[in-house]
Amino acid sequence: MKIDNFNFAGKKAIVRVDFNVPLDENGNVTDDTRIRGALPTLKKIIADGGSVIMMSHMGKPKGKVNPKMSLSQIVGKVQERLGVEVKFAADCANADAEVAALKPGEALLLENLRFYPEEEGKPVGIDKEDPEYKTAKENMKASQKEFAKKLASYADCYVMDAFGTAHRKHASTAVIDEYFDKDSKMLGYLMEKEVTAVDNVLSNIKRPFTAIMGGSKVSTKIGIIENLLGKVDNLILCGGMTYTFAKAQGGKIGNSICEDDKLDVALDVIKKAKENNVNLVLGTDCVAADKFANDANTQVCASNDIPEGWEGLDAGPQTREAFREAIKDAKTILWNGPAGVFEFDNFIGGSKAIADAIAEATANGAFSLIGGGDSVACINKFGMADKVSYISTGGGALLEAIEGKDLPGVSAINK
């Protein structure tokens, strides 16, 4: 069922949103991109005369109640953006009274789904090596179904609009759908846009295609890197990964972050890039610091010759220029992960150089897709969200989609 063709009048709709938004120490939302992303779907339901029940996770409470991860902290922000009063149910699995009181045009937000281990469907407090783990997992699977059934009982229809969790087989993303027929479950507007954006990158590649992969670890990105080597013309690998590649090639990296068990993987990526005629862009210089802090002393040095006691925290000027060269003429661009510790204002130069080059290429007709929490935070920090083609709300989901993996949260709707 397409959301555009569905009339929510008089119906209660339970919507899986992704409100896993960053908060400051006082519980204030610091970036509401994900809340704003859900608005078209939520407003359509309310405008039709339906009532909306929003469910989401926040953080990783591991199946236990944690006030610091309570969605009660974001009620005010959701209310402000949605434009109607948002009621709150303090227990997502015992919200019958709040749901029953919900009238057409009203909105209800359920407490953090992950306060219940059944949401993720993983046994808690038992090691995978334990002989009882298999039994515990089967029991949890049954409990997960019951949890999903309970959530489904609140509503007449189900809308999946949380791309950020579409790669997870959780109760609220890929089990709850079993309790709705195919005419009562659908993707929300955000999900439709996300799926189309990924399709644009993979099925409608205009060349040159430049992908930028940042972040601290090769291990978390290796699947996507290997997949991209068969698709892209230019591949920029930046951020903390730089130093694993530098060390793999015999460089000295001081105190920089490094995955010593992935040095062979880094060399293999370099070899495969050559075999695929991919222009692999790695950092040649960096901004090194004498401590991991914004007020650290800094120096620019070669990425493979960092003095002892110093660590690379950002891309250097030569590297930024190399990034720009690989991006400026591209017609398809994918960016996931920053080029440095962008949370520190003194180390945003590399990420800003990438953002500027992407904005320039987009203005010249490129399709640019920005995905992953840190990249999105970068673009928003620089005030450049309107200078790129599409900002994805999903990190892991985006990468798995581009890797060609099935997304349970999408396939569940199509069953």
# chains A, B, ... in the order shown; residues from 1 in each chain; ligands from 1
$ closest_atom_pairs --of "range 161-250 of chain A" --to "range 57-61 of chain A" --cutoff "12 Å" --atoms "only C-alpha atoms" --output "CSV"
residue,atom,partner,partner_atom,distance
A:Ala162,CA,A:His57,CA,10.2
A:Gly164,CA,A:His57,CA,10.6
A:Thr165,CA,A:His57,CA,9.3
A:His170,CA,A:His57,CA,10.7
A:Ala171,CA,A:His57,CA,11.3
A:Ser172,CA,A:His57,CA,9.5
A:Thr173,CA,A:His57,CA,11.0
$ write_last_selection --atoms "C-alpha atoms" --output "mmCIF file, in the first residue's frame"
data_model
loop_
_atom_site.group_PDB
_atom_site.id
_atom_site.type_symbol
_atom_site.label_atom_id
_atom_site.label_comp_id
_atom_site.auth_asym_id
_atom_site.auth_seq_id
_atom_site.Cartn_x
_atom_site.Cartn_y
_atom_site.Cartn_z
ATOM 1 C CA ALA A 162 12.442 4.880 10.307
ATOM 2 C CA GLY A 164 17.801 4.608 10.359
ATOM 3 C CA THR A 165 16.629 1.275 11.810
ATOM 4 C CA HIS A 170 13.520 -5.576 15.579
ATOM 5 C CA ALA A 171 9.983 -5.985 16.902
ATOM 6 C CA SER A 172 8.903 -2.516 15.752
ATOM 7 C CA THR A 173 10.563 -2.699 12.320
#
$ select_by_dssp --residues "range 150-191 of chain A" --states "strand (DSSP E or B)" --output "list in words"
Cys157, Tyr158, Val159, Met160, Lys185, Met186 and Leu187 of chain A
$ residues_around --residues "range 265-272 of chain A" --least-positions-apart "5" --cutoff "10 Å" --atoms "only C-alpha atoms" --output "PyMOL selection string"
chain A and resi 218-219+222+225-226+229-230+241-242+244-249+259+277-282
$ write_last_selection --atoms "N, CA and C atoms" --output "PDB file, in the first residue's frame"
ATOM      1  N   VAL A 218      38.326   1.094  10.114  1.00  0.00           N
ATOM      2  CA  VAL A 218      38.211   0.367   8.851  1.00  0.00           C
ATOM      3  C   VAL A 218      37.214  -0.777   9.029  1.00  0.00           C
ATOM      4  N   SER A 219      37.237  -1.415  10.204  1.00  0.00           N
ATOM      5  CA  SER A 219      36.436  -2.617  10.444  1.00  0.00           C
ATOM      6  C   SER A 219      34.943  -2.389  10.251  1.00  0.00           C
ATOM      7  N   ILE A 222      34.468  -1.858   6.156  1.00  0.00           N
ATOM      8  CA  ILE A 222      35.130  -2.675   5.143  1.00  0.00           C
ATOM      9  C   ILE A 222      34.162  -3.256   4.110  1.00  0.00           C
ATOM     10  N   ILE A 225      33.257  -0.481   1.738  1.00  0.00           N
ATOM     11  CA  ILE A 225      34.434  -0.091   0.949  1.00  0.00           C
ATOM     12  C   ILE A 225      34.655  -1.092  -0.178  1.00  0.00           C
ATOM     13  N   GLU A 226      34.602  -2.376   0.153  1.00  0.00           N
ATOM     14  CA  GLU A 226      34.822  -3.405  -0.869  1.00  0.00           C
ATOM     15  C   GLU A 226      33.749  -3.370  -1.942  1.00  0.00           C
ATOM     16  N   LEU A 229      34.335  -0.371  -4.308  1.00  0.00           N
ATOM     17  CA  LEU A 229      35.478  -0.501  -5.216  1.00  0.00           C
ATOM     18  C   LEU A 229      35.066  -1.003  -6.601  1.00  0.00           C
ATOM     19  N   GLY A 230      33.909  -1.672  -6.655  1.00  0.00           N
ATOM     20  CA  GLY A 230      33.415  -2.136  -7.955  1.00  0.00           C
ATOM     21  C   GLY A 230      32.464  -1.156  -8.615  1.00  0.00           C
ATOM     22  N   MET A 241      40.580   6.319   9.913  1.00  0.00           N
ATOM     23  CA  MET A 241      41.049   5.228   9.048  1.00  0.00           C
ATOM     24  C   MET A 241      42.394   5.549   8.407  1.00  0.00           C
ATOM     25  N   THR A 242      42.630   6.834   8.186  1.00  0.00           N
ATOM     26  CA  THR A 242      43.871   7.297   7.541  1.00  0.00           C
ATOM     27  C   THR A 242      45.106   6.638   8.147  1.00  0.00           C
ATOM     28  N   THR A 244      45.446   3.853   9.991  1.00  0.00           N
ATOM     29  CA  THR A 244      45.583   2.406   9.784  1.00  0.00           C
ATOM     30  C   THR A 244      46.247   2.174   8.427  1.00  0.00           C
ATOM     31  N   PHE A 245      45.811   2.935   7.417  1.00  0.00           N
ATOM     32  CA  PHE A 245      46.404   2.806   6.078  1.00  0.00           C
ATOM     33  C   PHE A 245      47.860   3.271   6.077  1.00  0.00           C
ATOM     34  N   ALA A 246      48.145   4.363   6.802  1.00  0.00           N
ATOM     35  CA  ALA A 246      49.520   4.878   6.859  1.00  0.00           C
ATOM     36  C   ALA A 246      50.454   3.862   7.514  1.00  0.00           C
ATOM     37  N   LYS A 247      50.010   3.282   8.619  1.00  0.00           N
ATOM     38  CA  LYS A 247      50.847   2.297   9.321  1.00  0.00           C
ATOM     39  C   LYS A 247      51.030   1.035   8.482  1.00  0.00           C
ATOM     40  N   ALA A 248      49.965   0.630   7.789  1.00  0.00           N
ATOM     41  CA  ALA A 248      50.032  -0.569   6.945  1.00  0.00           C
ATOM     42  C   ALA A 248      51.117  -0.439   5.889  1.00  0.00           C
ATOM     43  N   GLN A 249      51.355   0.795   5.458  1.00  0.00           N
ATOM     44  CA  GLN A 249      52.364   1.036   4.422  1.00  0.00           C
ATOM     45  C   GLN A 249      53.732   1.415   5.018  1.00  0.00           C
ATOM     46  N   GLU A 259      43.867   0.476  13.882  1.00  0.00           N
ATOM     47  CA  GLU A 259      43.431  -0.907  14.096  1.00  0.00           C
ATOM     48  C   GLU A 259      44.570  -1.827  13.618  1.00  0.00           C
ATOM     49  N   ASN A 277      40.986   0.006 -11.118  1.00  0.00           N
ATOM     50  CA  ASN A 277      41.238   1.346 -11.678  1.00  0.00           C
ATOM     51  C   ASN A 277      40.489   2.439 -10.932  1.00  0.00           C
ATOM     52  N   VAL A 278      40.401   2.286  -9.634  1.00  0.00           N
ATOM     53  CA  VAL A 278      39.764   3.293  -8.780  1.00  0.00           C
ATOM     54  C   VAL A 278      40.833   4.238  -8.250  1.00  0.00           C
ATOM     55  N   ASN A 279      40.577   5.523  -8.353  1.00  0.00           N
ATOM     56  CA  ASN A 279      41.477   6.526  -7.791  1.00  0.00           C
ATOM     57  C   ASN A 279      41.245   6.574  -6.283  1.00  0.00           C
ATOM     58  N   LEU A 280      42.153   5.937  -5.526  1.00  0.00           N
ATOM     59  CA  LEU A 280      42.023   5.883  -4.071  1.00  0.00           C
ATOM     60  C   LEU A 280      42.755   7.078  -3.466  1.00  0.00           C
ATOM     61  N   VAL A 281      41.996   7.912  -2.756  1.00  0.00           N
ATOM     62  CA  VAL A 281      42.578   9.122  -2.164  1.00  0.00           C
ATOM     63  C   VAL A 281      42.738   8.917  -0.663  1.00  0.00           C
ATOM     64  N   LEU A 282      43.989   8.869  -0.214  1.00  0.00           N
ATOM     65  CA  LEU A 282      44.298   8.729   1.207  1.00  0.00           C
ATOM     66  C   LEU A 282      45.034   9.979   1.668  1.00  0.00           C
TER      67      LEU A 282
END
$ closest_residue --among "A:Leu113, A:Ala315, A:Val99, A:Met160" --to "Leu42 in chain A" --atoms "only C-alpha atoms"
A:Met160
$ closest_atom_pairs --of "range 38-72 of chain A" --to "range 1-13 of chain A" --cutoff "10 Å" --atoms "only C-alpha atoms" --output "CSV"
residue,atom,partner,partner_atom,distance
A:Thr41,CA,A:Ile3,CA,8.2
A:Leu42,CA,A:Ala13,CA,9.3
A:Lys44,CA,A:Phe8,CA,8.2
A:Ile45,CA,A:Phe8,CA,5.6
A:Ile46,CA,A:Phe8,CA,7.9
A:Ala47,CA,A:Ala9,CA,8.5
A:Asp48,CA,A:Ala9,CA,5.1
A:Gly49,CA,A:Ala9,CA,4.3
A:Gly50,CA,A:Ala9,CA,4.7
A:Ser51,CA,A:Lys12,CA,4.9
A:Val52,CA,A:Ala13,CA,5.0
A:Ile53,CA,A:Ala13,CA,6.0
A:Met54,CA,A:Ala13,CA,8.4
$ decode --residues "range 383-399 of chain A" --atoms "all heavy atoms" --output "mmCIF file, in the first residue's frame"
data_model
loop_
_atom_site.group_PDB
_atom_site.id
_atom_site.type_symbol
_atom_site.label_atom_id
_atom_site.label_comp_id
_atom_site.auth_asym_id
_atom_site.auth_seq_id
_atom_site.Cartn_x
_atom_site.Cartn_y
_atom_site.Cartn_z
ATOM 1 N N GLY A 383 25.888 24.674 8.202
ATOM 2 C CA GLY A 383 24.748 25.393 7.618
ATOM 3 C C GLY A 383 24.609 25.166 6.124
ATOM 4 O O GLY A 383 24.225 26.064 5.374
ATOM 5 N N MET A 384 24.914 23.944 5.680
ATOM 6 C CA MET A 384 24.939 23.662 4.234
ATOM 7 C C MET A 384 23.929 22.611 3.793
ATOM 8 O O MET A 384 24.050 22.045 2.704
ATOM 9 C CB MET A 384 26.355 23.234 3.836
ATOM 10 C CG MET A 384 27.382 24.325 4.058
ATOM 11 S SD MET A 384 29.087 23.774 3.837
ATOM 12 C CE MET A 384 29.120 23.509 2.066
ATOM 13 N N ALA A 385 22.931 22.342 4.625
ATOM 14 C CA ALA A 385 21.952 21.292 4.298
ATOM 15 C C ALA A 385 21.226 21.560 2.989
ATOM 16 O O ALA A 385 20.828 20.624 2.288
ATOM 17 C CB ALA A 385 20.940 21.156 5.439
ATOM 18 N N ASP A 386 21.063 22.838 2.643
ATOM 19 C CA ASP A 386 20.336 23.177 1.411
ATOM 20 C C ASP A 386 21.247 23.189 0.187
ATOM 21 O O ASP A 386 20.812 23.517 -0.919
ATOM 22 C CB ASP A 386 19.636 24.535 1.559
ATOM 23 C CG ASP A 386 20.611 25.666 1.860
ATOM 24 O OD1 ASP A 386 21.760 25.375 2.259
ATOM 25 O OD2 ASP A 386 20.231 26.841 1.686
ATOM 26 N N LYS A 387 22.513 22.824 0.377
ATOM 27 C CA LYS A 387 23.465 22.870 -0.737
ATOM 28 C C LYS A 387 23.846 21.476 -1.252
ATOM 29 O O LYS A 387 24.748 21.331 -2.069
ATOM 30 C CB LYS A 387 24.722 23.642 -0.326
ATOM 31 C CG LYS A 387 24.446 25.136 -0.125
ATOM 32 C CD LYS A 387 25.712 25.913 0.179
ATOM 33 C CE LYS A 387 25.515 27.413 0.050
ATOM 34 N NZ LYS A 387 24.460 27.958 0.890
ATOM 35 N N VAL A 388 23.158 20.449 -0.728
ATOM 36 C CA VAL A 388 23.374 19.086 -1.209
ATOM 37 C C VAL A 388 22.033 18.532 -1.692
ATOM 38 O O VAL A 388 20.979 19.079 -1.382
ATOM 39 C CB VAL A 388 23.977 18.187 -0.101
ATOM 40 C CG1 VAL A 388 25.337 18.727 0.336
ATOM 41 C CG2 VAL A 388 23.046 18.070 1.103
ATOM 42 N N SER A 389 22.103 17.439 -2.461
ATOM 43 C CA SER A 389 20.868 16.905 -3.060
ATOM 44 C C SER A 389 19.974 16.213 -2.052
ATOM 45 O O SER A 389 18.759 16.401 -2.041
ATOM 46 C CB SER A 389 21.208 15.908 -4.179
ATOM 47 O OG SER A 389 22.071 16.478 -5.109
ATOM 48 N N TYR A 390 20.573 15.390 -1.199
ATOM 49 C CA TYR A 390 19.746 14.604 -0.280
ATOM 50 C C TYR A 390 20.531 14.252 0.970
ATOM 51 O O TYR A 390 21.699 13.854 0.895
ATOM 52 C CB TYR A 390 19.252 13.308 -0.949
ATOM 53 C CG TYR A 390 18.203 12.609 -0.125
ATOM 54 C CD1 TYR A 390 16.895 13.092 -0.093
ATOM 55 C CD2 TYR A 390 18.519 11.509 0.665
ATOM 56 C CE1 TYR A 390 15.935 12.482 0.706
ATOM 57 C CE2 TYR A 390 17.557 10.900 1.456
ATOM 58 C CZ TYR A 390 16.267 11.389 1.474
ATOM 59 O OH TYR A 390 15.327 10.799 2.263
ATOM 60 N N ILE A 391 19.883 14.421 2.114
ATOM 61 C CA ILE A 391 20.485 14.041 3.388
ATOM 62 C C ILE A 391 19.718 12.843 3.935
ATOM 63 O O ILE A 391 18.518 12.925 4.181
ATOM 64 C CB ILE A 391 20.444 15.203 4.399
ATOM 65 C CG1 ILE A 391 21.328 16.349 3.894
ATOM 66 C CG2 ILE A 391 20.903 14.744 5.776
ATOM 67 C CD1 ILE A 391 21.335 17.566 4.790
ATOM 68 N N SER A 392 20.418 11.716 4.093
ATOM 69 C CA SER A 392 19.784 10.503 4.599
ATOM 70 C C SER A 392 19.782 10.501 6.120
ATOM 71 O O SER A 392 20.750 10.929 6.751
ATOM 72 C CB SER A 392 20.532 9.267 4.085
ATOM 73 O OG SER A 392 20.006 8.097 4.681
ATOM 74 N N THR A 393 18.697 10.011 6.695
ATOM 75 C CA THR A 393 18.607 9.922 8.153
ATOM 76 C C THR A 393 19.250 8.643 8.672
ATOM 77 O O THR A 393 19.395 8.466 9.865
ATOM 78 C CB THR A 393 17.132 9.940 8.609
ATOM 79 O OG1 THR A 393 16.441 8.876 7.944
ATOM 80 C CG2 THR A 393 16.474 11.251 8.281
ATOM 81 N N GLY A 394 19.629 7.751 7.771
ATOM 82 C CA GLY A 394 20.178 6.463 8.189
ATOM 83 C C GLY A 394 21.669 6.359 7.970
ATOM 84 O O GLY A 394 22.174 6.778 6.939
ATOM 85 N N GLY A 395 22.367 5.792 8.920
ATOM 86 C CA GLY A 395 23.791 5.534 8.773
ATOM 87 C C GLY A 395 23.996 4.095 8.344
ATOM 88 O O GLY A 395 24.268 3.801 7.189
ATOM 89 N N GLY A 396 23.798 3.176 9.299
ATOM 90 C CA GLY A 396 23.967 1.751 9.021
ATOM 91 C C GLY A 396 23.033 1.255 7.931
ATOM 92 O O GLY A 396 23.430 0.466 7.070
ATOM 93 N N ALA A 397 21.798 1.726 7.953
ATOM 94 C CA ALA A 397 20.825 1.289 6.943
ATOM 95 C C ALA A 397 21.250 1.731 5.549
ATOM 96 O O ALA A 397 21.155 0.972 4.580
ATOM 97 C CB ALA A 397 19.439 1.852 7.268
ATOM 98 N N LEU A 398 21.727 2.968 5.447
ATOM 99 C CA LEU A 398 22.179 3.487 4.155
ATOM 100 C C LEU A 398 23.338 2.638 3.629
ATOM 101 O O LEU A 398 23.357 2.234 2.467
ATOM 102 C CB LEU A 398 22.618 4.944 4.298
ATOM 103 C CG LEU A 398 23.231 5.563 3.037
ATOM 104 C CD1 LEU A 398 22.169 5.775 1.977
ATOM 105 C CD2 LEU A 398 23.920 6.873 3.356
ATOM 106 N N LEU A 399 24.307 2.362 4.507
ATOM 107 C CA LEU A 399 25.477 1.597 4.082
ATOM 108 C C LEU A 399 25.102 0.180 3.670
ATOM 109 O O LEU A 399 25.610 -0.342 2.680
ATOM 110 C CB LEU A 399 26.524 1.563 5.205
ATOM 111 C CG LEU A 399 27.126 2.916 5.582
ATOM 112 C CD1 LEU A 399 28.257 2.735 6.581
ATOM 113 C CD2 LEU A 399 27.622 3.664 4.365
#
